[in-house]
Structures are given as structure tokens and as C-alpha cells.
$ cat run-v8.pdb   # PDB, C-alpha atoms and all ligand atoms
ATOM      1  CA  MET A1034     -66.977 -14.960 -53.189
ATOM      2  CA  SER A1035     -64.039 -14.358 -55.531
ATOM      3  CA  LYS A1036     -61.236 -16.873 -55.556
ATOM      4  CA  ARG A1037     -58.372 -16.229 -53.149
ATOM      5  CA  ILE A1038     -54.833 -16.304 -54.563
ATOM      6  CA  VAL A1039     -52.549 -18.756 -52.765
ATOM      7  CA  LEU A1040     -48.775 -18.945 -53.194
ATOM      8  CA  ILE A1041     -47.388 -22.335 -52.152
ATOM      9  CA  THR A1042     -43.655 -22.953 -51.877
ATOM     10  CA  GLY A1043     -42.429 -26.520 -52.269
ATOM     11  CA  ALA A1044     -45.367 -27.461 -54.480
ATOM     12  CA  THR A1045     -43.438 -30.047 -56.511
ATOM     13  CA  SER A1046     -43.689 -32.834 -53.958
ATOM     14  CA  GLY A1047     -45.234 -34.137 -50.759
ATOM     15  CA  ILE A1048     -47.290 -31.776 -48.605
ATOM     16  CA  GLY A1049     -47.046 -28.803 -50.981
ATOM     17  CA  LEU A1050     -48.099 -30.851 -53.977
ATOM     18  CA  ALA A1051     -51.062 -32.417 -52.158
ATOM     19  CA  THR A1052     -52.096 -28.975 -50.888
ATOM     20  CA  ALA A1053     -51.987 -27.502 -54.388
ATOM     21  CA  ASN A1054     -54.074 -30.398 -55.712
ATOM     22  CA  LEU A1055     -56.712 -29.936 -53.026
ATOM     23  CA  LEU A1056     -56.896 -26.137 -53.034
ATOM     24  CA  ALA A1057     -57.256 -26.114 -56.830
ATOM     25  CA  LYS A1058     -60.627 -27.797 -56.348
ATOM     26  CA  HIS A1059     -61.804 -25.423 -53.571
ATOM     27  CA  ASN A1060     -62.122 -21.899 -54.882
ATOM     28  CA  PHE A1061     -58.470 -20.837 -54.840
ATOM     29  CA  LYS A1062     -56.188 -19.575 -57.621
ATOM     30  CA  LEU A1063     -52.688 -20.965 -57.306
ATOM     31  CA  ILE A1064     -49.101 -19.835 -57.630
ATOM     32  CA  ILE A1065     -47.074 -23.018 -57.381
ATOM     33  CA  CYS A1066     -43.347 -22.754 -56.638
ATOM     34  CA  GLY A1067     -40.315 -25.027 -56.543
ATOM     35  CA  ARG A1068     -36.994 -25.680 -58.251
ATOM     36  CA  ARG A1069     -38.062 -28.646 -60.400
ATOM     37  CA  LYS A1070     -39.550 -26.938 -63.447
ATOM     38  CA  ASP A1071     -40.621 -30.166 -65.156
ATOM     39  CA  ARG A1072     -42.798 -31.093 -62.186
ATOM     40  CA  LEU A1073     -44.265 -27.582 -61.953
ATOM     41  CA  GLU A1074     -45.150 -27.631 -65.643
ATOM     42  CA  LYS A1075     -46.852 -31.006 -65.332
ATOM     43  CA  GLN A1076     -48.726 -29.870 -62.228
ATOM     44  CA  LYS A1077     -49.796 -26.612 -63.814
ATOM     45  CA  ALA A1078     -51.218 -28.478 -66.803
ATOM     46  CA  LEU A1079     -53.148 -30.862 -64.536
ATOM     47  CA  LEU A1080     -54.534 -28.196 -62.206
ATOM     48  CA  SER A1081     -55.499 -25.800 -64.961
ATOM     49  CA  ASP A1082     -58.579 -27.983 -65.505
ATOM     50  CA  PHE A1083     -59.814 -26.755 -62.115
ATOM     51  CA  THR A1084     -58.514 -23.229 -61.587
ATOM     52  CA  GLU A1085     -56.104 -20.567 -62.812
ATOM     53  CA  VAL A1086     -52.506 -21.510 -62.074
ATOM     54  CA  LYS A1087     -49.187 -19.675 -62.310
ATOM     55  CA  MET A1088     -45.825 -21.288 -61.684
ATOM     56  CA  LEU A1089     -42.625 -19.740 -60.372
ATOM     57  CA  THR A1090     -39.338 -21.621 -60.541
ATOM     58  CA  PHE A1091     -36.801 -20.472 -57.977
ATOM     59  CA  ASP A1092     -34.546 -21.631 -55.180
ATOM     60  CA  VAL A1093     -35.732 -20.087 -51.904
ATOM     61  CA  ARG A1094     -32.061 -19.702 -50.860
ATOM     62  CA  ASP A1095     -31.478 -17.148 -53.603
ATOM     63  CA  GLN A1096     -32.912 -13.874 -52.381
ATOM     64  CA  GLU A1097     -32.569 -12.090 -55.734
ATOM     65  CA  ALA A1098     -34.279 -14.986 -57.519
ATOM     66  CA  VAL A1099     -37.127 -14.955 -54.975
ATOM     67  CA  LYS A1100     -37.601 -11.224 -55.447
ATOM     68  CA  LYS A1101     -37.442 -11.423 -59.240
ATOM     69  CA  ALA A1102     -39.886 -14.334 -59.411
ATOM     70  CA  ILE A1103     -42.513 -12.729 -57.212
ATOM     71  CA  HIS A1104     -42.199  -9.358 -58.918
ATOM     72  CA  SER A1105     -42.534 -11.039 -62.318
ATOM     73  CA  LEU A1106     -46.191 -11.720 -61.504
ATOM     74  CA  LEU A1107     -48.769  -9.512 -63.168
ATOM     75  CA  ASP A1108     -50.359  -6.925 -60.846
ATOM     76  CA  GLU A1109     -53.533  -8.942 -60.254
ATOM     77  CA  TRP A1110     -51.453 -11.978 -59.230
ATOM     78  CA  GLN A1111     -49.315  -9.909 -56.858
ATOM     79  CA  LYS A1112     -52.332  -9.577 -54.588
ATOM     80  CA  ILE A1113     -51.514 -12.781 -52.745
ATOM     81  CA  ASP A1114     -54.174 -13.599 -50.159
ATOM     82  CA  VAL A1115     -52.560 -16.704 -48.706
ATOM     83  CA  LEU A1116     -48.864 -17.559 -48.390
ATOM     84  CA  ILE A1117     -48.040 -21.174 -47.580
ATOM     85  CA  ASN A1118     -44.397 -21.335 -46.509
ATOM     86  CA  ASN A1119     -43.918 -25.050 -46.997
ATOM     87  CA  ALA A1120     -40.600 -25.511 -48.860
ATOM     88  CA  GLY A1121     -38.070 -27.203 -46.646
ATOM     89  CA  ASN A1122     -36.315 -30.412 -45.821
ATOM     90  CA  ALA A1123     -34.034 -32.148 -43.379
ATOM     91  CA  HIS A1124     -30.550 -32.878 -44.687
ATOM     92  CA  GLY A1125     -28.730 -35.624 -42.783
ATOM     93  CA  LEU A1126     -29.289 -37.099 -39.318
ATOM     94  CA  ASP A1127     -25.921 -36.873 -37.610
ATOM     95  CA  PRO A1128     -24.665 -36.158 -34.114
ATOM     96  CA  ILE A1129     -23.601 -32.557 -33.710
ATOM     97  CA  GLN A1130     -19.904 -33.476 -33.331
ATOM     98  CA  THR A1131     -19.750 -35.076 -36.779
ATOM     99  CA  GLY A1132     -22.434 -33.060 -38.555
ATOM    100  CA  ASN A1133     -21.956 -32.129 -42.197
ATOM    101  CA  VAL A1134     -21.552 -28.369 -42.487
ATOM    102  CA  HIS A1135     -23.105 -28.319 -45.964
ATOM    103  CA  ASP A1136     -26.209 -30.013 -44.547
ATOM    104  CA  TRP A1137     -26.344 -27.404 -41.770
ATOM    105  CA  ASP A1138     -26.093 -24.600 -44.321
ATOM    106  CA  ALA A1139     -28.819 -26.155 -46.473
ATOM    107  CA  MET A1140     -31.274 -26.467 -43.577
ATOM    108  CA  ILE A1141     -30.708 -22.993 -42.230
ATOM    109  CA  ASP A1142     -30.636 -21.394 -45.684
ATOM    110  CA  ILE A1143     -33.774 -23.172 -46.957
ATOM    111  CA  ASN A1144     -35.965 -23.691 -43.895
ATOM    112  CA  VAL A1145     -35.231 -20.383 -42.183
ATOM    113  CA  LYS A1146     -33.732 -17.840 -44.572
ATOM    114  CA  GLY A1147     -35.779 -19.083 -47.536
ATOM    115  CA  LEU A1148     -38.999 -18.706 -45.562
ATOM    116  CA  LEU A1149     -37.933 -15.185 -44.623
ATOM    117  CA  TYR A1150     -37.000 -14.187 -48.175
ATOM    118  CA  VAL A1151     -40.366 -15.311 -49.570
ATOM    119  CA  SER A1152     -42.292 -13.746 -46.688
ATOM    120  CA  ARG A1153     -40.456 -10.448 -47.110
ATOM    121  CA  GLU A1154     -41.678 -10.154 -50.709
ATOM    122  CA  VAL A1155     -45.272 -11.183 -50.010
ATOM    123  CA  ILE A1156     -46.114  -9.569 -46.660
ATOM    124  CA  PRO A1157     -45.931  -5.870 -47.693
ATOM    125  CA  GLY A1158     -48.827  -6.418 -50.117
ATOM    126  CA  MET A1159     -50.811  -7.985 -47.290
ATOM    127  CA  THR A1160     -50.111  -5.137 -44.870
ATOM    128  CA  GLU A1161     -51.043  -2.619 -47.555
ATOM    129  CA  ARG A1162     -54.357  -4.378 -48.193
ATOM    130  CA  LYS A1163     -54.823  -5.116 -44.470
ATOM    131  CA  SER A1164     -55.670  -8.716 -45.123
ATOM    132  CA  GLY A1165     -53.981 -12.029 -45.670
ATOM    133  CA  HIS A1166     -53.157 -15.395 -44.183
ATOM    134  CA  ILE A1167     -49.709 -16.938 -43.725
ATOM    135  CA  VAL A1168     -49.396 -20.656 -43.068
ATOM    136  CA  ASN A1169     -45.937 -21.778 -41.980
ATOM    137  CA  MET A1170     -45.110 -25.469 -42.177
ATOM    138  CA  GLY A1171     -43.310 -26.142 -38.910
ATOM    139  CA  SER A1172     -42.745 -29.585 -37.430
ATOM    140  CA  ILE A1173     -42.879 -31.495 -34.193
ATOM    141  CA  ALA A1174     -39.089 -31.057 -34.553
ATOM    142  CA  GLY A1175     -39.742 -27.355 -33.934
ATOM    143  CA  LYS A1176     -41.419 -28.154 -30.619
ATOM    144  CA  GLU A1177     -39.079 -30.824 -29.237
ATOM    145  CA  VAL A1178     -35.543 -31.900 -30.112
ATOM    146  CA  TYR A1179     -34.658 -35.543 -30.840
ATOM    147  CA  PRO A1180     -31.243 -37.221 -30.954
ATOM    148  CA  ASN A1181     -29.291 -36.270 -34.112
ATOM    149  CA  GLY A1182     -32.084 -33.884 -35.121
ATOM    150  CA  ASN A1183     -30.028 -30.940 -33.809
ATOM    151  CA  VAL A1184     -29.813 -28.494 -36.742
ATOM    152  CA  TYR A1185     -33.077 -29.557 -38.437
ATOM    153  CA  SER A1186     -34.784 -28.991 -35.076
ATOM    154  CA  ALA A1187     -33.049 -25.650 -34.700
ATOM    155  CA  SER A1188     -34.339 -24.612 -38.111
ATOM    156  CA  LYS A1189     -37.891 -25.605 -37.196
ATOM    157  CA  PHE A1190     -37.652 -23.956 -33.748
ATOM    158  CA  ALA A1191     -36.735 -20.854 -35.748
ATOM    159  CA  VAL A1192     -39.860 -21.330 -37.868
ATOM    160  CA  ASP A1193     -41.884 -21.543 -34.656
ATOM    161  CA  ALA A1194     -40.323 -18.300 -33.404
ATOM    162  CA  LEU A1195     -40.922 -16.585 -36.740
ATOM    163  CA  THR A1196     -44.554 -17.703 -36.729
ATOM    164  CA  LYS A1197     -45.053 -16.165 -33.293
ATOM    165  CA  GLY A1198     -43.197 -13.008 -34.290
ATOM    166  CA  MET A1199     -45.234 -12.656 -37.490
ATOM    167  CA  ARG A1200     -48.463 -13.059 -35.538
ATOM    168  CA  MET A1201     -47.468 -10.196 -33.231
ATOM    169  CA  ASP A1202     -46.114  -7.840 -35.882
ATOM    170  CA  LEU A1203     -48.977  -8.458 -38.292
ATOM    171  CA  ASN A1204     -51.732  -8.270 -35.676
ATOM    172  CA  PRO A1205     -52.445  -4.559 -36.363
ATOM    173  CA  PHE A1206     -53.084  -5.409 -40.008
ATOM    174  CA  GLY A1207     -55.626  -8.170 -39.426
ATOM    175  CA  ILE A1208     -53.367 -10.771 -41.018
ATOM    176  CA  LYS A1209     -53.820 -14.363 -39.856
ATOM    177  CA  VAL A1210     -50.771 -16.487 -39.064
ATOM    178  CA  THR A1211     -50.981 -20.253 -38.624
ATOM    179  CA  SER A1212     -48.375 -22.895 -37.972
ATOM    180  CA  ILE A1213     -48.927 -26.550 -38.753
ATOM    181  CA  ASN A1214     -46.523 -28.901 -37.016
ATOM    182  CA  PRO A1215     -46.702 -32.461 -38.299
ATOM    183  CA  GLY A1216     -45.022 -35.556 -36.966
ATOM    184  CA  LEU A1217     -44.188 -38.376 -39.367
ATOM    185  CA  VAL A1218     -45.553 -37.767 -42.870
ATOM    186  CA  GLU A1219     -44.486 -40.102 -45.670
ATOM    187  CA  THR A1220     -43.295 -37.922 -48.566
ATOM    188  CA  GLU A1221     -39.910 -37.452 -50.238
ATOM    189  CA  PHE A1222     -38.735 -35.959 -46.930
ATOM    190  CA  SER A1223     -36.733 -38.974 -45.702
ATOM    191  CA  LEU A1224     -35.398 -39.670 -49.181
ATOM    192  CA  VAL A1225     -33.954 -36.155 -49.207
ATOM    193  CA  ARG A1226     -32.729 -36.462 -45.604
ATOM    194  CA  PHE A1227     -30.852 -39.683 -46.461
ATOM    195  CA  LYS A1228     -29.621 -38.433 -49.830
ATOM    196  CA  GLY A1229     -31.607 -40.819 -51.988
ATOM    197  CA  ASP A1230     -31.095 -43.962 -49.855
ATOM    198  CA  GLN A1231     -34.524 -45.553 -50.324
ATOM    199  CA  ASP A1232     -33.944 -48.430 -47.895
ATOM    200  CA  ARG A1233     -32.971 -46.079 -45.095
ATOM    201  CA  ALA A1234     -35.859 -43.751 -45.878
ATOM    202  CA  ALA A1235     -38.306 -46.666 -45.696
ATOM    203  CA  THR A1236     -37.183 -47.546 -42.138
ATOM    204  CA  VAL A1237     -38.604 -44.252 -40.855
ATOM    205  CA  TYR A1238     -42.175 -45.355 -41.695
ATOM    206  CA  LYS A1239     -41.676 -49.097 -41.114
ATOM    207  CA  ASP A1240     -44.437 -50.854 -39.175
ATOM    208  CA  ILE A1241     -46.524 -47.718 -38.619
ATOM    209  CA  LYS A1242     -49.243 -45.987 -40.569
ATOM    210  CA  PRO A1243     -47.697 -42.548 -41.073
ATOM    211  CA  LEU A1244     -49.575 -39.391 -41.960
ATOM    212  CA  THR A1245     -49.981 -38.752 -45.671
ATOM    213  CA  ALA A1246     -49.450 -35.487 -47.497
ATOM    214  CA  GLN A1247     -53.194 -35.558 -48.191
ATOM    215  CA  ASN A1248     -53.898 -35.570 -44.417
ATOM    216  CA  ILE A1249     -51.909 -32.353 -44.053
ATOM    217  CA  ALA A1250     -53.466 -30.801 -47.154
ATOM    218  CA  GLU A1251     -56.910 -31.345 -45.637
ATOM    219  CA  ILE A1252     -55.793 -29.538 -42.469
ATOM    220  CA  VAL A1253     -54.518 -26.626 -44.573
ATOM    221  CA  LEU A1254     -57.885 -26.431 -46.336
ATOM    222  CA  PHE A1255     -59.743 -26.489 -42.993
ATOM    223  CA  VAL A1256     -57.485 -23.701 -41.687
ATOM    224  CA  LEU A1257     -58.218 -21.580 -44.765
ATOM    225  CA  GLN A1258     -61.966 -22.181 -44.602
ATOM    226  CA  GLN A1259     -62.452 -20.595 -41.166
ATOM    227  CA  PRO A1260     -64.525 -17.413 -40.900
ATOM    228  CA  ASP A1261     -62.735 -14.053 -40.981
ATOM    229  CA  HIS A1262     -62.696 -13.713 -37.190
ATOM    230  CA  VAL A1263     -61.206 -17.176 -36.536
ATOM    231  CA  VAL A1264     -57.550 -18.178 -36.825
ATOM    232  CA  LEU A1265     -56.134 -21.588 -36.016
ATOM    233  CA  ALA A1266     -52.867 -20.406 -34.541
ATOM    234  CA  ASP A1267     -50.856 -23.542 -33.885
ATOM    235  CA  ILE A1268     -51.651 -27.105 -34.880
ATOM    236  CA  THR A1269     -49.626 -30.193 -33.998
ATOM    237  CA  VAL A1270     -50.618 -33.379 -35.805
ATOM    238  CA  PHE A1271     -49.296 -36.909 -35.354
ATOM    239  CA  PRO A1272     -50.124 -40.274 -36.810
ATOM    240  CA  THR A1273     -51.962 -42.198 -34.086
ATOM    241  CA  ALA A1274     -48.876 -44.397 -33.647
ATOM    242  CA  GLN A1275     -46.803 -41.388 -32.565
ATOM    243  CA  ALA A1276     -46.790 -39.775 -29.104
ATOM    244  CA  SER A1277     -43.727 -37.530 -29.420
ATOM    245  CA  SER A1278     -40.641 -37.127 -31.599
ATOM    246  CA  THR A1279     -39.152 -40.226 -30.016
ATOM    247  CA  ILE A1280     -42.144 -42.337 -28.951
ATOM    248  CA  VAL A1281     -43.517 -44.283 -31.891
ATOM    249  CA  LYS A1282     -45.465 -47.529 -31.516
ATOM    250  CA  ARG A1283     -44.368 -49.898 -34.270
ATOM    251  CA  GLU A1284     -46.375 -53.020 -35.056
ATOM    252  CA  SER A1285     -43.654 -55.654 -35.169
TER     253      SER A1285
HETATM  254  P1  LIG B1301     -40.749 -33.187 -49.750
HETATM  255  O1  LIG B1301     -39.290 -33.495 -49.822
HETATM  256  O2  LIG B1301     -41.697 -34.151 -50.364
HETATM  257  O3  LIG B1301     -41.036 -31.729 -50.342
HETATM  258  C1  LIG B1301     -40.181 -30.650 -50.095
HETATM  259  C2  LIG B1301     -40.546 -29.493 -51.009
HETATM  260  O4  LIG B1301     -39.693 -28.385 -50.697
HETATM  261  C3  LIG B1301     -40.343 -29.831 -52.480
HETATM  262  O5  LIG B1301     -41.425 -29.359 -53.233
HETATM  263  C4  LIG B1301     -39.083 -29.068 -52.837
HETATM  264  O6  LIG B1301     -39.157 -28.623 -54.182
HETATM  265  C5  LIG B1301     -39.145 -27.873 -51.887
HETATM  266  N1  LIG B1301     -37.805 -27.332 -51.652
HETATM  267  C6  LIG B1301     -36.790 -27.933 -50.988
HETATM  268  N2  LIG B1301     -35.689 -27.180 -51.061
HETATM  269  C7  LIG B1301     -36.023 -26.071 -51.770
HETATM  270  C8  LIG B1301     -35.303 -24.937 -52.199
HETATM  271  N3  LIG B1301     -34.002 -24.759 -51.903
HETATM  272  N4  LIG B1301     -35.949 -23.983 -52.927
HETATM  273  C9  LIG B1301     -37.259 -24.149 -53.248
HETATM  274  N5  LIG B1301     -37.992 -25.208 -52.874
HETATM  275  C10 LIG B1301     -37.368 -26.166 -52.156
HETATM  276  O7  LIG B1301     -41.062 -33.039 -48.192
HETATM  277  P2  LIG B1301     -42.419 -32.669 -47.384
HETATM  278  O8  LIG B1301     -43.539 -32.438 -48.291
HETATM  279  O9  LIG B1301     -42.549 -33.674 -46.325
HETATM  280  O10 LIG B1301     -41.956 -31.315 -46.698
HETATM  281  C11 LIG B1301     -42.683 -30.094 -46.790
HETATM  282  C12 LIG B1301     -42.510 -29.341 -45.487
HETATM  283  O11 LIG B1301     -43.080 -30.094 -44.424
HETATM  284  C13 LIG B1301     -41.056 -29.070 -45.100
HETATM  285  O12 LIG B1301     -40.957 -27.761 -44.593
HETATM  286  C14 LIG B1301     -40.810 -30.091 -43.994
HETATM  287  O13 LIG B1301     -39.809 -29.673 -43.109
HETATM  288  C15 LIG B1301     -42.181 -30.133 -43.330
HETATM  289  N6  LIG B1301     -42.445 -31.314 -42.538
HETATM  290  C16 LIG B1301     -42.381 -32.571 -43.074
HETATM  291  C17 LIG B1301     -42.642 -33.674 -42.280
HETATM  292  C18 LIG B1301     -42.526 -35.068 -42.782
HETATM  293  O14 LIG B1301     -42.454 -36.008 -41.947
HETATM  294  N7  LIG B1301     -42.524 -35.312 -44.087
HETATM  295  C19 LIG B1301     -43.062 -33.507 -40.889
HETATM  296  C20 LIG B1301     -43.050 -32.156 -40.414
HETATM  297  C21 LIG B1301     -42.792 -31.105 -41.231
HETATM  298  P3  LIG B1301     -37.941 -28.646 -55.244
HETATM  299  O15 LIG B1301     -37.017 -29.761 -54.833
HETATM  300  O16 LIG B1301     -38.604 -28.864 -56.558
HETATM  301  O17 LIG B1301     -37.333 -27.303 -55.126
HETATM  302  C1  LIG B1302     -40.312 -33.958 -39.894
HETATM  303  C2  LIG B1302     -40.697 -34.784 -38.703
HETATM  304  O1  LIG B1302     -39.757 -36.062 -36.743
HETATM  305  O2  LIG B1302     -38.785 -36.488 -38.928
HETATM  306  O3  LIG B1302     -40.256 -32.608 -39.568
HETATM  307  O4  LIG B1302     -38.315 -34.456 -37.771
HETATM  308  S1  LIG B1302     -39.305 -35.464 -38.021
END
$ encode --input "run-v8.pdb" --output "C-alpha cells"
Amino acid sequence: MSKRIVLITGATSGIGLATANLLAKHNFKLIICGRRKDRLEKQKALLSDFTEVKMLTFDVRDQEAVKKAIHSLLDEWQKIDVLINNAGNAHGLDPIQTGNVHDWDAMIDINVKGLLYVSREVIPGMTERKSGHIVNMGSIAGKEVYPNGNVYSASKFAVDALTKGMRMDLNPFGIKVTSINPGLVETEFSLVRFKGDQDRAATVYKDIKPLTAQNIAEIVLFVLQQPDHVVLADITVFPTAQASSTIVKRES
């Protein structure tokens, strides 16, 4: 079987990076995306030992940049078989009444509009070829709201709605749509949420064994390895210590 082409957004860190590393070793060709060019270059060099790799440097908030980047691919690379909409972050953890408007803009622009901009460029090729698989990285925050999670949750509820909408609209074309909704995964996520405050970020995973990016990457691989007639539609995954957004058993 020929190698499928996978485009992964947010491949410079965390879940996206681990997914790129794993898929490179399992019969996929990769298009790795992110803003941090130095990391993409390093990653491309490492993964090129295993598979063919292209890199695209763009900010998902910039619709023109998204369009230009994807259209810059050579024809053979434009035939994207799998789109992994993973880029995203939480910015801040504040009550709604004192929320930072710039954080709100960032979450809605990146997690929702960014996902749409990338999807809009990739999906027409899939509908034309009547095949493809879209994996949207949702969150438990897109299934239940937690205190001060307000706008991040709203952005991930939007991802959940978009996943369902994509599944309906793309059903006639035989395109698979999957959402993966993790609980606590230790990546750069909390560092970004708390604007580089390492001590505060560490408290999120204190006294539990959180999920790792590798755990999620292995789920992505499993999802992509299913036979043509099988789609894993909606997966929620927690560390064993977690029962919901707010119930976490800490060993202390
Ligand atoms: P990381 O902070 O480690 O990775 C985030 C990735 O998103 C980076 O590669 C970053 O790349 C990319 N990204 C962020 N903003 C932009 C942007 N404006 N344009 C392009 N790329 C961008 O976090 P995770 O790996 O944990 O997060 C990946 C996904 O998983 C996110 O959608 C997150 O919401 C979701 N998730 C995470 C959970 C967790 O607990 N960690 C749990 C549930 C879901 P760069 O900065 O180079 O652009
Ligand atoms: C990340 C998980 O619970 O920190 O989406 O929002 S949580």
C-alpha cells in the first residue's frame, strides 16, 4: 500500500510533535506545520531518516498565509489523505468577568477559525478524490465546562460542533471524521496557558500521572489504522487519575 500523506498542524510541540514522530515510522508521508521554523527544520531533518517530510511555516490565524502555504505544495503533496487539526492552546484561566480580551481572541482565532481556515484549503481535494480522514483534536473541555475555562471551553465546544458538522457534510464523499478529546496531557499546553510561568504550569500535573503526548499519538495511529469501513468517531481519553474536568485524584 502506498504511503498516505498526512498534514499535521501544531507539529512543533506536544501532541502534534509526538504524532509526527510516530506516524513517520508507520507508512505515512508528513507535512508538518507550525510557527516555530527552527523546530520544524530540526524535526524535518530527524524524520527524513524514516519518511518523506515537507514543512510549512504559518500562523493558522492568518487565512492568506494558510492558503499560500498549502497551495505552495507540489501537486503530488496537495493530495492530502489525512488532516490532523491539532494546533491550539488555552490562553489564560480567568473568570469571565475579568477575562483578558486578547486571550479570548487568541483562543477563538486559533482553535476555531484556524481549524476552519486549514480545513477549508484541504477538504476540497478530499471531496474531489472522494476519500480522506480528518482528525480534530478536541478536549474534555469541549464536552464539559470547568470554572474559569469559559472561553477555552467555548472554543473546544465549537471544535466538537465542527467535527459533527464535518461528519454530516462529508458523509456523501466517504470522508472519515474523528475527534479525540483528551483530559490532562503534560505538554507545553499549561506553560502557554500561564504565559511561561513554569511553577504554575507544574501544579496542573502535580501528584498525578498525566497522559503523555505519546499516549495520544498512539491513539491517532490506531484511529488511522482502521479498515476503510471503520471510523472511530469520538474518543475521550483521561489519565486514570481523572474522572471529569474537575474530578482529579491527586496522590498527596
Ligand atoms: P502544545 O502547546 O505543546 O502544542 C501546541 C501546538 O499548537 C504547537 O505546535 C504550536 O506551534 C501550535 N500552535 C499554537 N498556536 C498556533 C498558531 N497560531 N498557528 C499555528 N500553530 C499554532 O500543546 P498540546 O500539544 O497539548 O496541544 C495540542 C492540541 O491538543 C491543542 O489543540 C490542545 O487544545 C489540545 N489538547 C491538549 C490537552 C492537554 O492537556 N495538553 C488536552 C486536550 C486537548 P507553534 O507555537 O510553533 O506555532
Ligand atoms: C486541555 C484539558 O482540562 O486543561 O484541553 O482544559 S483541560
$ closest_residue --input "run-v8.pdb" --among "A:Ala1194, A:Ile1048, A:Leu1265, A:Leu1257" --to "ligand LIG 1302 (chain B)" --atoms "all atoms listed in the file"
A:Ile1048
$ residues_around --input "run-v8.pdb" --residues "A:Tyr1185" --least-positions-apart "6" --cutoff "8 Å" --atoms "all atoms listed in the file" --output "PyMOL selection string"
chain A and resi 1123-1124+1137+1140-1141+1174
$ closest_residue --input "run-v8.pdb" --among "A:Cys1066, A:Val1210, A:Ile1038, A:Met1201" --to "A:Val1151" --atoms "all atoms listed in the file"
A:Cys1066
$ residues_near_point --input "run-v8.pdb" --point "(-35.9, -23.9, -57.3)" --cutoff "10 Å" --atoms "all atoms listed in the file" --output "PyMOL selection string"
chain A and resi 1042-1043+1045+1066-1070+1089-1095+1098-1099+1120
$ closest_atom_pairs --input "run-v8.pdb" --of "chain A" --to "ligand LIG 1302 (chain B)" --cutoff "7 Å" --atoms "all atoms listed in the file" --output "JSON lines"
{"residue": "A:Ser1172", "atom": "CA", "partner": "B:LIG1302", "partner_atom": "O3", "distance": 4.5}
{"residue": "A:Ile1173", "atom": "CA", "partner": "B:LIG1302", "partner_atom": "C2", "distance": 6.0}
{"residue": "A:Ala1174", "atom": "CA", "partner": "B:LIG1302", "partner_atom": "O4", "distance": 4.7}
{"residue": "A:Gly1182", "atom": "CA", "partner": "B:LIG1302", "partner_atom": "O4", "distance": 6.8}
{"residue": "A:Pro1215", "atom": "CA", "partner": "B:LIG1302", "partner_atom": "C2", "distance": 6.5}
{"residue": "A:Gly1216", "atom": "CA", "partner": "B:LIG1302", "partner_atom": "C2", "distance": 4.7}
{"residue": "A:Leu1217", "atom": "CA", "partner": "B:LIG1302", "partner_atom": "C2", "distance": 5.1}
{"residue": "A:Ser1278", "atom": "CA", "partner": "B:LIG1302", "partner_atom": "O1", "distance": 5.3}
$ resolve_selection --input "run-v8.pdb" --expression "the PyMOL selection byres (((chain A and resi 1219) around 10) and not hetatm)" --output "PyMOL selection string"
chain A and resi 1047-1048+1216-1218+1220-1224+1234-1235+1237-1238+1242-1246
$ resolve_selection --input "run-v8.pdb" --expression "the PyMOL selection byres (((chain A and resi 1076) around 10) and not hetatm)" --output "list in words"
Ala1044, Thr1045, Leu1050, Ala1053, Asn1054, Ile1065, Lys1070, Asp1071, Arg1072, Leu1073, Glu1074, Lys1075, Lys1077, Ala1078, Leu1079, Leu1080, Ser1081, Val1086 and Met1088 of chain A
$ residues_around --input "run-v8.pdb" --residues "A:Ala1274" --least-positions-apart "2" --cutoff "8 Å" --atoms "only C-alpha atoms" --output "PyMOL selection string"
chain A and resi 1241-1243+1271-1272+1276+1281-1283
$ closest_residue --input "run-v8.pdb" --among "A:Lys1228, A:Lys1189, A:His1262, A:Arg1153" --to "ligand LIG 1301 (chain B)" --atoms "only C-alpha atoms and all ligand atoms"
A:Lys1189
$ axis_aligned_box --input "run-v8.pdb" --around "ligand LIG 1301 (chain B)" --padding-each-side "8 Å" --output "JSON"
{"center_x": -38.8, "center_y": -30.0, "center_z": -48.5, "size_x": 25.5, "size_y": 28.0, "size_z": 32.1}
$ resolve_selection --input "run-v8.pdb" --expression "the PyMOL selection byres (((chain A and resi 1183) around 10) and not hetatm)" --output "short mmCIF file (atom, residue, chain, number, x, y, z; two decimals) with C-alpha atoms, in the frame of the given file"
data_model
loop_
_atom_site.label_atom_id
_atom_site.label_comp_id
_atom_site.auth_asym_id
_atom_site.auth_seq_id
_atom_site.Cartn_x
_atom_site.Cartn_y
_atom_site.Cartn_z
CA LEU A 1126 -29.29 -37.10 -39.32
CA ASP A 1127 -25.92 -36.87 -37.61
CA PRO A 1128 -24.66 -36.16 -34.11
CA ILE A 1129 -23.60 -32.56 -33.71
CA GLY A 1132 -22.43 -33.06 -38.56
CA TRP A 1137 -26.34 -27.40 -41.77
CA ALA A 1174 -39.09 -31.06 -34.55
CA VAL A 1178 -35.54 -31.90 -30.11
CA TYR A 1179 -34.66 -35.54 -30.84
CA PRO A 1180 -31.24 -37.22 -30.95
CA ASN A 1181 -29.29 -36.27 -34.11
CA GLY A 1182 -32.08 -33.88 -35.12
CA VAL A 1184 -29.81 -28.49 -36.74
CA TYR A 1185 -33.08 -29.56 -38.44
CA SER A 1186 -34.78 -28.99 -35.08
CA ALA A 1187 -33.05 -25.65 -34.70
CA SER A 1188 -34.34 -24.61 -38.11
#
$ closest_residue --input "run-v8.pdb" --among "A:Val1155, A:Ile1249, A:Ile1113, A:Leu1040" --to "ligand LIG 1301 (chain B)" --atoms "all atoms listed in the file"
A:Ile1249
